[in-house]
$ cat query_33.cif   # mmCIF, C-alpha atoms
data_input
loop_
_atom_site.group_PDB
_atom_site.id
_atom_site.type_symbol
_atom_site.label_atom_id
_atom_site.label_comp_id
_atom_site.auth_asym_id
_atom_site.auth_seq_id
_atom_site.Cartn_x
_atom_site.Cartn_y
_atom_site.Cartn_z
ATOM 1 C CA GLN A 13 -3.338 -33.435 -0.494
ATOM 2 C CA ASN A 14 -3.795 -31.222 2.505
ATOM 3 C CA MET A 15 -4.642 -27.781 1.069
ATOM 4 C CA GLU A 16 -4.581 -26.116 4.503
ATOM 5 C CA ARG A 17 -0.807 -26.352 4.923
ATOM 6 C CA SER A 18 0.079 -24.136 1.959
ATOM 7 C CA TYR A 19 -1.921 -21.187 3.313
ATOM 8 C CA HIS A 20 -0.906 -18.953 6.159
ATOM 9 C CA VAL A 21 -2.429 -19.351 9.610
ATOM 10 C CA ALA A 22 -5.815 -17.630 9.931
ATOM 11 C CA GLY A 23 -5.535 -14.543 12.096
ATOM 12 C CA LYS A 24 -1.870 -13.976 11.281
ATOM 13 C CA ALA A 25 -1.357 -11.303 8.632
ATOM 14 C CA ARG A 26 2.005 -11.392 6.910
ATOM 15 C CA ASN A 27 4.058 -8.451 5.715
ATOM 16 C CA VAL A 28 3.643 -7.906 1.956
ATOM 17 C CA GLY A 29 6.559 -5.445 1.859
ATOM 18 C CA MET A 30 6.953 -1.944 0.405
ATOM 19 C CA GLY A 31 5.745 -0.336 3.635
ATOM 20 C CA ILE A 32 2.169 -1.600 3.204
ATOM 21 C CA LYS A 33 0.425 -2.173 6.540
ATOM 22 C CA ALA A 34 -1.912 -5.140 6.903
ATOM 23 C CA PRO A 35 -5.552 -4.075 7.412
ATOM 24 C CA THR A 36 -6.921 -4.460 10.922
ATOM 25 C CA THR A 37 -10.101 -6.496 10.904
ATOM 26 C CA SER A 38 -11.965 -8.129 13.744
ATOM 27 C CA GLU A 39 -13.541 -10.869 11.652
ATOM 28 C CA GLU A 40 -11.783 -14.081 10.700
ATOM 29 C CA TYR A 41 -11.688 -14.929 7.016
ATOM 30 C CA PHE A 42 -10.027 -17.430 4.719
ATOM 31 C CA ASP A 43 -9.023 -16.220 1.271
ATOM 32 C CA LYS A 44 -6.246 -17.981 -0.627
ATOM 33 C CA LYS A 45 -5.909 -15.006 -3.017
ATOM 34 C CA CYS A 46 -5.428 -12.441 -0.223
ATOM 35 C CA PRO A 47 -1.921 -10.905 -0.153
ATOM 36 C CA PHE A 48 -1.999 -10.695 3.659
ATOM 37 C CA ARG A 49 -3.286 -14.183 4.579
ATOM 38 C CA GLY A 50 -3.118 -16.131 1.324
ATOM 39 C CA ASP A 51 -0.506 -17.378 -1.105
ATOM 40 C CA VAL A 52 -0.231 -14.312 -3.353
ATOM 41 C CA ALA A 53 2.906 -12.171 -3.563
ATOM 42 C CA ILE A 54 2.698 -8.501 -4.548
ATOM 43 C CA ARG A 55 5.380 -7.649 -7.120
ATOM 44 C CA GLY A 56 5.609 -5.236 -10.003
ATOM 45 C CA ARG A 57 3.404 -2.164 -10.347
ATOM 46 C CA ILE A 58 1.665 -0.279 -7.549
ATOM 47 C CA LEU A 59 -1.266 1.813 -8.849
ATOM 48 C CA ARG A 60 -4.084 3.989 -7.494
ATOM 49 C CA GLY A 61 -7.611 4.297 -8.827
ATOM 50 C CA VAL A 62 -11.274 4.875 -8.027
ATOM 51 C CA VAL A 63 -13.716 2.022 -7.446
ATOM 52 C CA VAL A 64 -16.393 1.979 -10.159
ATOM 53 C CA SER A 65 -18.188 -1.281 -9.396
ATOM 54 C CA ALA A 66 -18.233 -3.637 -6.411
ATOM 55 C CA LYS A 67 -20.997 -5.982 -7.592
ATOM 56 C CA MET A 68 -18.923 -9.146 -8.037
ATOM 57 C CA GLN A 69 -17.885 -11.555 -5.323
ATOM 58 C CA ARG A 70 -14.399 -10.570 -4.104
ATOM 59 C CA THR A 71 -13.677 -8.659 -7.323
ATOM 60 C CA ILE A 72 -14.046 -4.933 -8.029
ATOM 61 C CA ILE A 73 -13.553 -2.709 -11.063
ATOM 62 C CA VAL A 74 -11.110 0.182 -10.633
ATOM 63 C CA ARG A 75 -10.974 3.166 -13.023
ATOM 64 C CA ARG A 76 -7.652 4.858 -13.782
ATOM 65 C CA ASP A 77 -7.747 8.235 -15.548
ATOM 66 C CA TYR A 78 -4.775 9.550 -17.522
ATOM 67 C CA LEU A 79 -3.889 12.118 -20.172
ATOM 68 C CA HIS A 80 -2.767 11.144 -23.673
ATOM 69 C CA PHE A 81 -0.837 13.660 -25.780
ATOM 70 C CA VAL A 82 -2.009 14.076 -29.404
ATOM 71 C CA GLN A 83 1.035 15.217 -31.375
ATOM 72 C CA LYS A 84 -0.885 16.633 -34.339
ATOM 73 C CA TYR A 85 -2.887 19.104 -32.238
ATOM 74 C CA LYS A 86 -0.314 19.593 -29.431
ATOM 75 C CA ARG A 87 -3.009 18.923 -26.872
ATOM 76 C CA TYR A 88 -3.956 16.311 -24.319
ATOM 77 C CA GLU A 89 -7.047 14.129 -24.324
ATOM 78 C CA ARG A 90 -8.502 12.386 -21.315
ATOM 79 C CA ARG A 91 -8.577 8.602 -21.354
ATOM 80 C CA HIS A 92 -9.307 5.895 -18.830
ATOM 81 C CA LYS A 93 -8.809 2.180 -18.211
ATOM 82 C CA HIS A 94 -10.909 -0.236 -16.171
ATOM 83 C CA ILE A 95 -8.944 -2.826 -14.195
ATOM 84 C CA ALA A 96 -10.434 -5.920 -12.558
ATOM 85 C CA VAL A 97 -8.977 -6.248 -9.044
ATOM 86 C CA HIS A 98 -9.284 -8.959 -6.372
ATOM 87 C CA LEU A 99 -10.778 -7.633 -3.122
ATOM 88 C CA SER A 100 -9.874 -9.366 0.121
ATOM 89 C CA PRO A 101 -12.674 -9.677 2.739
ATOM 90 C CA ALA A 102 -10.482 -7.534 5.024
ATOM 91 C CA PHE A 103 -11.531 -4.453 3.022
ATOM 92 C CA LYS A 104 -15.046 -2.988 2.815
ATOM 93 C CA VAL A 105 -15.182 -0.716 -0.235
ATOM 94 C CA ASN A 106 -17.951 1.239 -1.951
ATOM 95 C CA PRO A 107 -18.072 2.842 -5.401
ATOM 96 C CA GLY A 108 -16.214 6.150 -5.319
ATOM 97 C CA ASP A 109 -13.566 5.029 -2.824
ATOM 98 C CA THR A 110 -9.882 5.340 -3.700
ATOM 99 C CA VAL A 111 -7.831 2.148 -3.538
ATOM 100 C CA THR A 112 -4.166 1.295 -3.939
ATOM 101 C CA ILE A 113 -3.624 -1.873 -5.940
ATOM 102 C CA GLY A 114 -0.557 -4.049 -6.382
ATOM 103 C CA GLU A 115 0.338 -6.331 -9.255
ATOM 104 C CA CYS A 116 0.441 -10.067 -8.585
ATOM 105 C CA ARG A 117 0.327 -13.307 -10.537
ATOM 106 C CA PRO A 118 -2.774 -13.919 -12.687
ATOM 107 C CA LEU A 119 -5.639 -14.881 -10.360
ATOM 108 C CA SER A 120 -8.215 -15.452 -13.107
ATOM 109 C CA LYS A 121 -8.769 -14.676 -16.787
ATOM 110 C CA THR A 122 -8.882 -10.897 -16.184
ATOM 111 C CA VAL A 123 -7.609 -10.331 -12.619
ATOM 112 C CA ARG A 124 -3.906 -9.512 -12.171
ATOM 113 C CA PHE A 125 -4.084 -6.993 -9.305
ATOM 114 C CA ASN A 126 -4.939 -7.093 -5.597
ATOM 115 C CA VAL A 127 -6.211 -4.341 -3.263
ATOM 116 C CA ILE A 128 -3.512 -3.476 -0.720
ATOM 117 C CA ALA A 129 -4.857 -0.196 0.742
ATOM 118 C CA HIS A 130 -8.205 1.594 0.919
ATOM 119 C CA GLU A 131 -9.232 5.231 1.472
ATOM 120 C CA PRO A 132 -12.967 5.860 1.935
ATOM 121 C CA SER A 133 -14.586 8.542 -0.183
ATOM 122 C CA THR A 134 -15.474 11.729 1.686
ATOM 123 C CA ALA A 135 -18.024 13.080 -0.800
ATOM 124 C CA VAL A 136 -21.458 11.579 -1.224
ATOM 125 C CA GLN A 137 -21.948 10.967 -4.918
ATOM 126 C CA LYS A 138 -25.316 11.061 -6.634
ATOM 127 C CA LYS A 139 -26.236 9.942 -10.111
ATOM 128 C CA GLY A 140 -26.698 12.699 -12.649
ATOM 129 C CA PHE A 141 -24.926 15.889 -13.552
ATOM 130 C CA ALA A 142 -23.426 18.303 -11.047
ATOM 131 C CA LYS A 143 -25.202 21.625 -10.704
ATOM 132 C CA LEU A 144 -23.260 24.624 -11.984
#
$ encode --input "query_33.cif" --output "structure tokens"
Amino acid sequence: QNMERSYHVAGKARNVGMGIKAPTTSEEYFDKKCPFRGDVAIRGRILRGVVVSAKMQRTIIVRRDYLHFVQKYKRYERRHKHIAVHLSPAFKVNPGDTVTIGECRPLSKTVRFNVIAHEPSTAVQKKGFAKL
């Protein structure tokens, strides 16, 4: 079978919908799991989170913080979830950056989301505690 025909033409980014603009990149890349140039449709949830780890190849870990209400004490507790997300070569992200992710079909055992937008972090983060 000719695998090339099922993928979109390199250099031509397609519209993924929902007002999401395709990233502008000067380099050519081929990624079948990219929502802009591959065969993956974005449908379902659109979430935002902070990049925790970018050590894998084309996969990042995104942290989502939320509040959970404890009925017994009438108070909120902070919780978080880590989500494995596919990263297209069109994006260059670092830990601490904010990304918008969109739900897609399962891409691997743990990956069900794709990066669709990226906002670089403005603050330089250091390891350790913040000074008071």
$ resolve_selection --input "query_33.cif" --expression "the PyMOL selection byres ((chain A and resi 127-129) around 12)" --output "PDB file with C-alpha atoms, keeping the file's coordinate frame"
ATOM      1  CA  ASN A  27       4.058  -8.451   5.715  1.00  0.00           C
ATOM      2  CA  VAL A  28       3.643  -7.906   1.956  1.00  0.00           C
ATOM      3  CA  GLY A  29       6.559  -5.445   1.859  1.00  0.00           C
ATOM      4  CA  MET A  30       6.953  -1.944   0.405  1.00  0.00           C
ATOM      5  CA  GLY A  31       5.745  -0.336   3.635  1.00  0.00           C
ATOM      6  CA  ILE A  32       2.169  -1.600   3.204  1.00  0.00           C
ATOM      7  CA  LYS A  33       0.425  -2.173   6.540  1.00  0.00           C
ATOM      8  CA  ALA A  34      -1.912  -5.140   6.903  1.00  0.00           C
ATOM      9  CA  PRO A  35      -5.552  -4.075   7.412  1.00  0.00           C
ATOM     10  CA  THR A  36      -6.921  -4.460  10.922  1.00  0.00           C
ATOM     11  CA  LYS A  45      -5.909 -15.006  -3.017  1.00  0.00           C
ATOM     12  CA  CYS A  46      -5.428 -12.441  -0.223  1.00  0.00           C
ATOM     13  CA  PRO A  47      -1.921 -10.905  -0.153  1.00  0.00           C
ATOM     14  CA  PHE A  48      -1.999 -10.695   3.659  1.00  0.00           C
ATOM     15  CA  ARG A  49      -3.286 -14.183   4.579  1.00  0.00           C
ATOM     16  CA  VAL A  52      -0.231 -14.312  -3.353  1.00  0.00           C
ATOM     17  CA  ALA A  53       2.906 -12.171  -3.563  1.00  0.00           C
ATOM     18  CA  ILE A  54       2.698  -8.501  -4.548  1.00  0.00           C
ATOM     19  CA  ARG A  55       5.380  -7.649  -7.120  1.00  0.00           C
ATOM     20  CA  ARG A  57       3.404  -2.164 -10.347  1.00  0.00           C
ATOM     21  CA  ILE A  58       1.665  -0.279  -7.549  1.00  0.00           C
ATOM     22  CA  LEU A  59      -1.266   1.813  -8.849  1.00  0.00           C
ATOM     23  CA  ARG A  60      -4.084   3.989  -7.494  1.00  0.00           C
ATOM     24  CA  GLY A  61      -7.611   4.297  -8.827  1.00  0.00           C
ATOM     25  CA  VAL A  62     -11.274   4.875  -8.027  1.00  0.00           C
ATOM     26  CA  VAL A  63     -13.716   2.022  -7.446  1.00  0.00           C
ATOM     27  CA  ARG A  70     -14.399 -10.570  -4.104  1.00  0.00           C
ATOM     28  CA  THR A  71     -13.677  -8.659  -7.323  1.00  0.00           C
ATOM     29  CA  ILE A  72     -14.046  -4.933  -8.029  1.00  0.00           C
ATOM     30  CA  ILE A  73     -13.553  -2.709 -11.063  1.00  0.00           C
ATOM     31  CA  VAL A  74     -11.110   0.182 -10.633  1.00  0.00           C
ATOM     32  CA  ILE A  95      -8.944  -2.826 -14.195  1.00  0.00           C
ATOM     33  CA  ALA A  96     -10.434  -5.920 -12.558  1.00  0.00           C
ATOM     34  CA  VAL A  97      -8.977  -6.248  -9.044  1.00  0.00           C
ATOM     35  CA  HIS A  98      -9.284  -8.959  -6.372  1.00  0.00           C
ATOM     36  CA  LEU A  99     -10.778  -7.633  -3.122  1.00  0.00           C
ATOM     37  CA  SER A 100      -9.874  -9.366   0.121  1.00  0.00           C
ATOM     38  CA  PRO A 101     -12.674  -9.677   2.739  1.00  0.00           C
ATOM     39  CA  ALA A 102     -10.482  -7.534   5.024  1.00  0.00           C
ATOM     40  CA  PHE A 103     -11.531  -4.453   3.022  1.00  0.00           C
ATOM     41  CA  LYS A 104     -15.046  -2.988   2.815  1.00  0.00           C
ATOM     42  CA  VAL A 105     -15.182  -0.716  -0.235  1.00  0.00           C
ATOM     43  CA  ASP A 109     -13.566   5.029  -2.824  1.00  0.00           C
ATOM     44  CA  THR A 110      -9.882   5.340  -3.700  1.00  0.00           C
ATOM     45  CA  VAL A 111      -7.831   2.148  -3.538  1.00  0.00           C
ATOM     46  CA  THR A 112      -4.166   1.295  -3.939  1.00  0.00           C
ATOM     47  CA  ILE A 113      -3.624  -1.873  -5.940  1.00  0.00           C
ATOM     48  CA  GLY A 114      -0.557  -4.049  -6.382  1.00  0.00           C
ATOM     49  CA  GLU A 115       0.338  -6.331  -9.255  1.00  0.00           C
ATOM     50  CA  CYS A 116       0.441 -10.067  -8.585  1.00  0.00           C
ATOM     51  CA  VAL A 123      -7.609 -10.331 -12.619  1.00  0.00           C
ATOM     52  CA  ARG A 124      -3.906  -9.512 -12.171  1.00  0.00           C
ATOM     53  CA  PHE A 125      -4.084  -6.993  -9.305  1.00  0.00           C
ATOM     54  CA  ASN A 126      -4.939  -7.093  -5.597  1.00  0.00           C
ATOM     55  CA  HIS A 130      -8.205   1.594   0.919  1.00  0.00           C
ATOM     56  CA  GLU A 131      -9.232   5.231   1.472  1.00  0.00           C
ATOM     57  CA  PRO A 132     -12.967   5.860   1.935  1.00  0.00           C
TER      58      PRO A 132
END
$ closest_residue --input "query_33.cif" --among "A:Arg26, A:Pro107, A:Ser65, A:Leu79" --to "His94 of chain A" --atoms "all atoms listed in the file"
A:Ser65
$ axis_aligned_box --input "query_33.cif" --around "segment 28-36 of chain A" --padding-each-side "4 Å" --output "AutoDock Vina command-line options"
--center_x 0.0 --center_y -4.1 --center_z 5.7 --size_x 21.9 --size_y 15.6 --size_z 18.5
$ decode --input "query_33.cif" --residues "segment 28-48 of chain A" --atoms "N, CA, C and O atoms" --output "tab-separated table (two decimals), in the first residue's frame"
chain	number	residue	atom	x	y	z
A	28	VAL	N	-8.17	22.89	11.35
A	28	VAL	CA	-8.69	21.90	12.29
A	28	VAL	C	-10.02	22.35	12.89
A	28	VAL	O	-10.65	21.59	13.63
A	29	GLY	N	-10.47	23.57	12.59
A	29	GLY	CA	-11.76	24.04	13.06
A	29	GLY	C	-11.67	24.75	14.39
A	29	GLY	O	-10.61	24.91	14.97
A	30	MET	N	-12.79	25.20	14.90
A	30	MET	CA	-12.94	25.86	16.20
A	30	MET	C	-12.10	27.12	16.32
A	30	MET	O	-11.70	27.50	17.41
A	31	GLY	N	-11.78	27.75	15.20
A	31	GLY	CA	-11.02	29.00	15.24
A	31	GLY	C	-9.55	28.85	15.57
A	31	GLY	O	-8.89	29.82	15.89
A	32	ILE	N	-9.02	27.64	15.50
A	32	ILE	CA	-7.61	27.38	15.80
A	32	ILE	C	-6.79	27.66	14.55
A	32	ILE	O	-7.04	27.09	13.50
A	33	LYS	N	-5.80	28.54	14.67
A	33	LYS	CA	-4.92	28.86	13.55
A	33	LYS	C	-3.78	27.86	13.49
A	33	LYS	O	-3.23	27.46	14.52
A	34	ALA	N	-3.40	27.47	12.29
A	34	ALA	CA	-2.27	26.56	12.11
A	34	ALA	C	-0.99	27.30	12.45
A	34	ALA	O	-0.83	28.49	12.14
A	35	PRO	N	-0.04	26.65	13.13
A	35	PRO	CA	1.22	27.32	13.48
A	35	PRO	C	2.04	27.61	12.23
A	35	PRO	O	2.05	26.83	11.27
A	36	THR	N	2.72	28.74	12.23
A	36	THR	CA	3.59	29.09	11.11
A	36	THR	C	4.99	28.60	11.42
A	36	THR	O	5.59	28.98	12.43
A	37	THR	N	5.48	27.72	10.59
A	37	THR	CA	6.82	27.18	10.77
A	37	THR	C	7.54	27.18	9.43
A	37	THR	O	6.93	26.96	8.38
A	38	SER	N	8.83	27.46	9.48
A	38	SER	CA	9.60	27.52	8.25
A	38	SER	C	10.12	26.16	7.84
A	38	SER	O	10.42	25.92	6.67
A	39	GLU	N	10.23	25.24	8.80
A	39	GLU	CA	10.79	23.93	8.48
A	39	GLU	C	9.70	22.98	7.99
A	39	GLU	O	8.54	23.06	8.39
A	40	GLU	N	10.10	22.07	7.12
A	40	GLU	CA	9.19	21.04	6.63
A	40	GLU	C	9.27	19.85	7.56
A	40	GLU	O	10.34	19.47	8.01
A	41	TYR	N	8.14	19.26	7.87
A	41	TYR	CA	8.12	18.08	8.71
A	41	TYR	C	7.01	17.15	8.25
A	41	TYR	O	6.09	17.56	7.55
A	42	PHE	N	7.13	15.88	8.65
A	42	PHE	CA	6.14	14.88	8.30
A	42	PHE	C	5.76	14.17	9.59
A	42	PHE	O	6.58	13.51	10.21
A	43	ASP	N	4.53	14.35	10.01
A	43	ASP	CA	4.05	13.74	11.25
A	43	ASP	C	2.61	13.29	11.03
A	43	ASP	O	1.71	14.12	10.91
A	44	LYS	N	2.39	11.99	10.98
A	44	LYS	CA	1.05	11.49	10.69
A	44	LYS	C	0.07	11.73	11.84
A	44	LYS	O	-1.13	11.66	11.65
A	45	LYS	N	0.57	12.04	13.04
A	45	LYS	CA	-0.30	12.30	14.19
A	45	LYS	C	-0.51	13.79	14.43
A	45	LYS	O	-1.12	14.18	15.42
A	46	CYS	N	-0.04	14.64	13.53
A	46	CYS	CA	-0.22	16.08	13.65
A	46	CYS	C	-1.63	16.46	13.20
A	46	CYS	O	-2.09	16.00	12.15
A	47	PRO	N	-2.34	17.30	13.97
A	47	PRO	CA	-3.70	17.68	13.55
A	47	PRO	C	-3.70	18.62	12.34
A	47	PRO	O	-4.72	18.75	11.68
A	48	PHE	N	-2.58	19.27	12.06
A	48	PHE	CA	-2.53	20.24	10.96
A	48	PHE	C	-2.07	19.61	9.64
A	48	PHE	O	-2.51	20.00	8.58
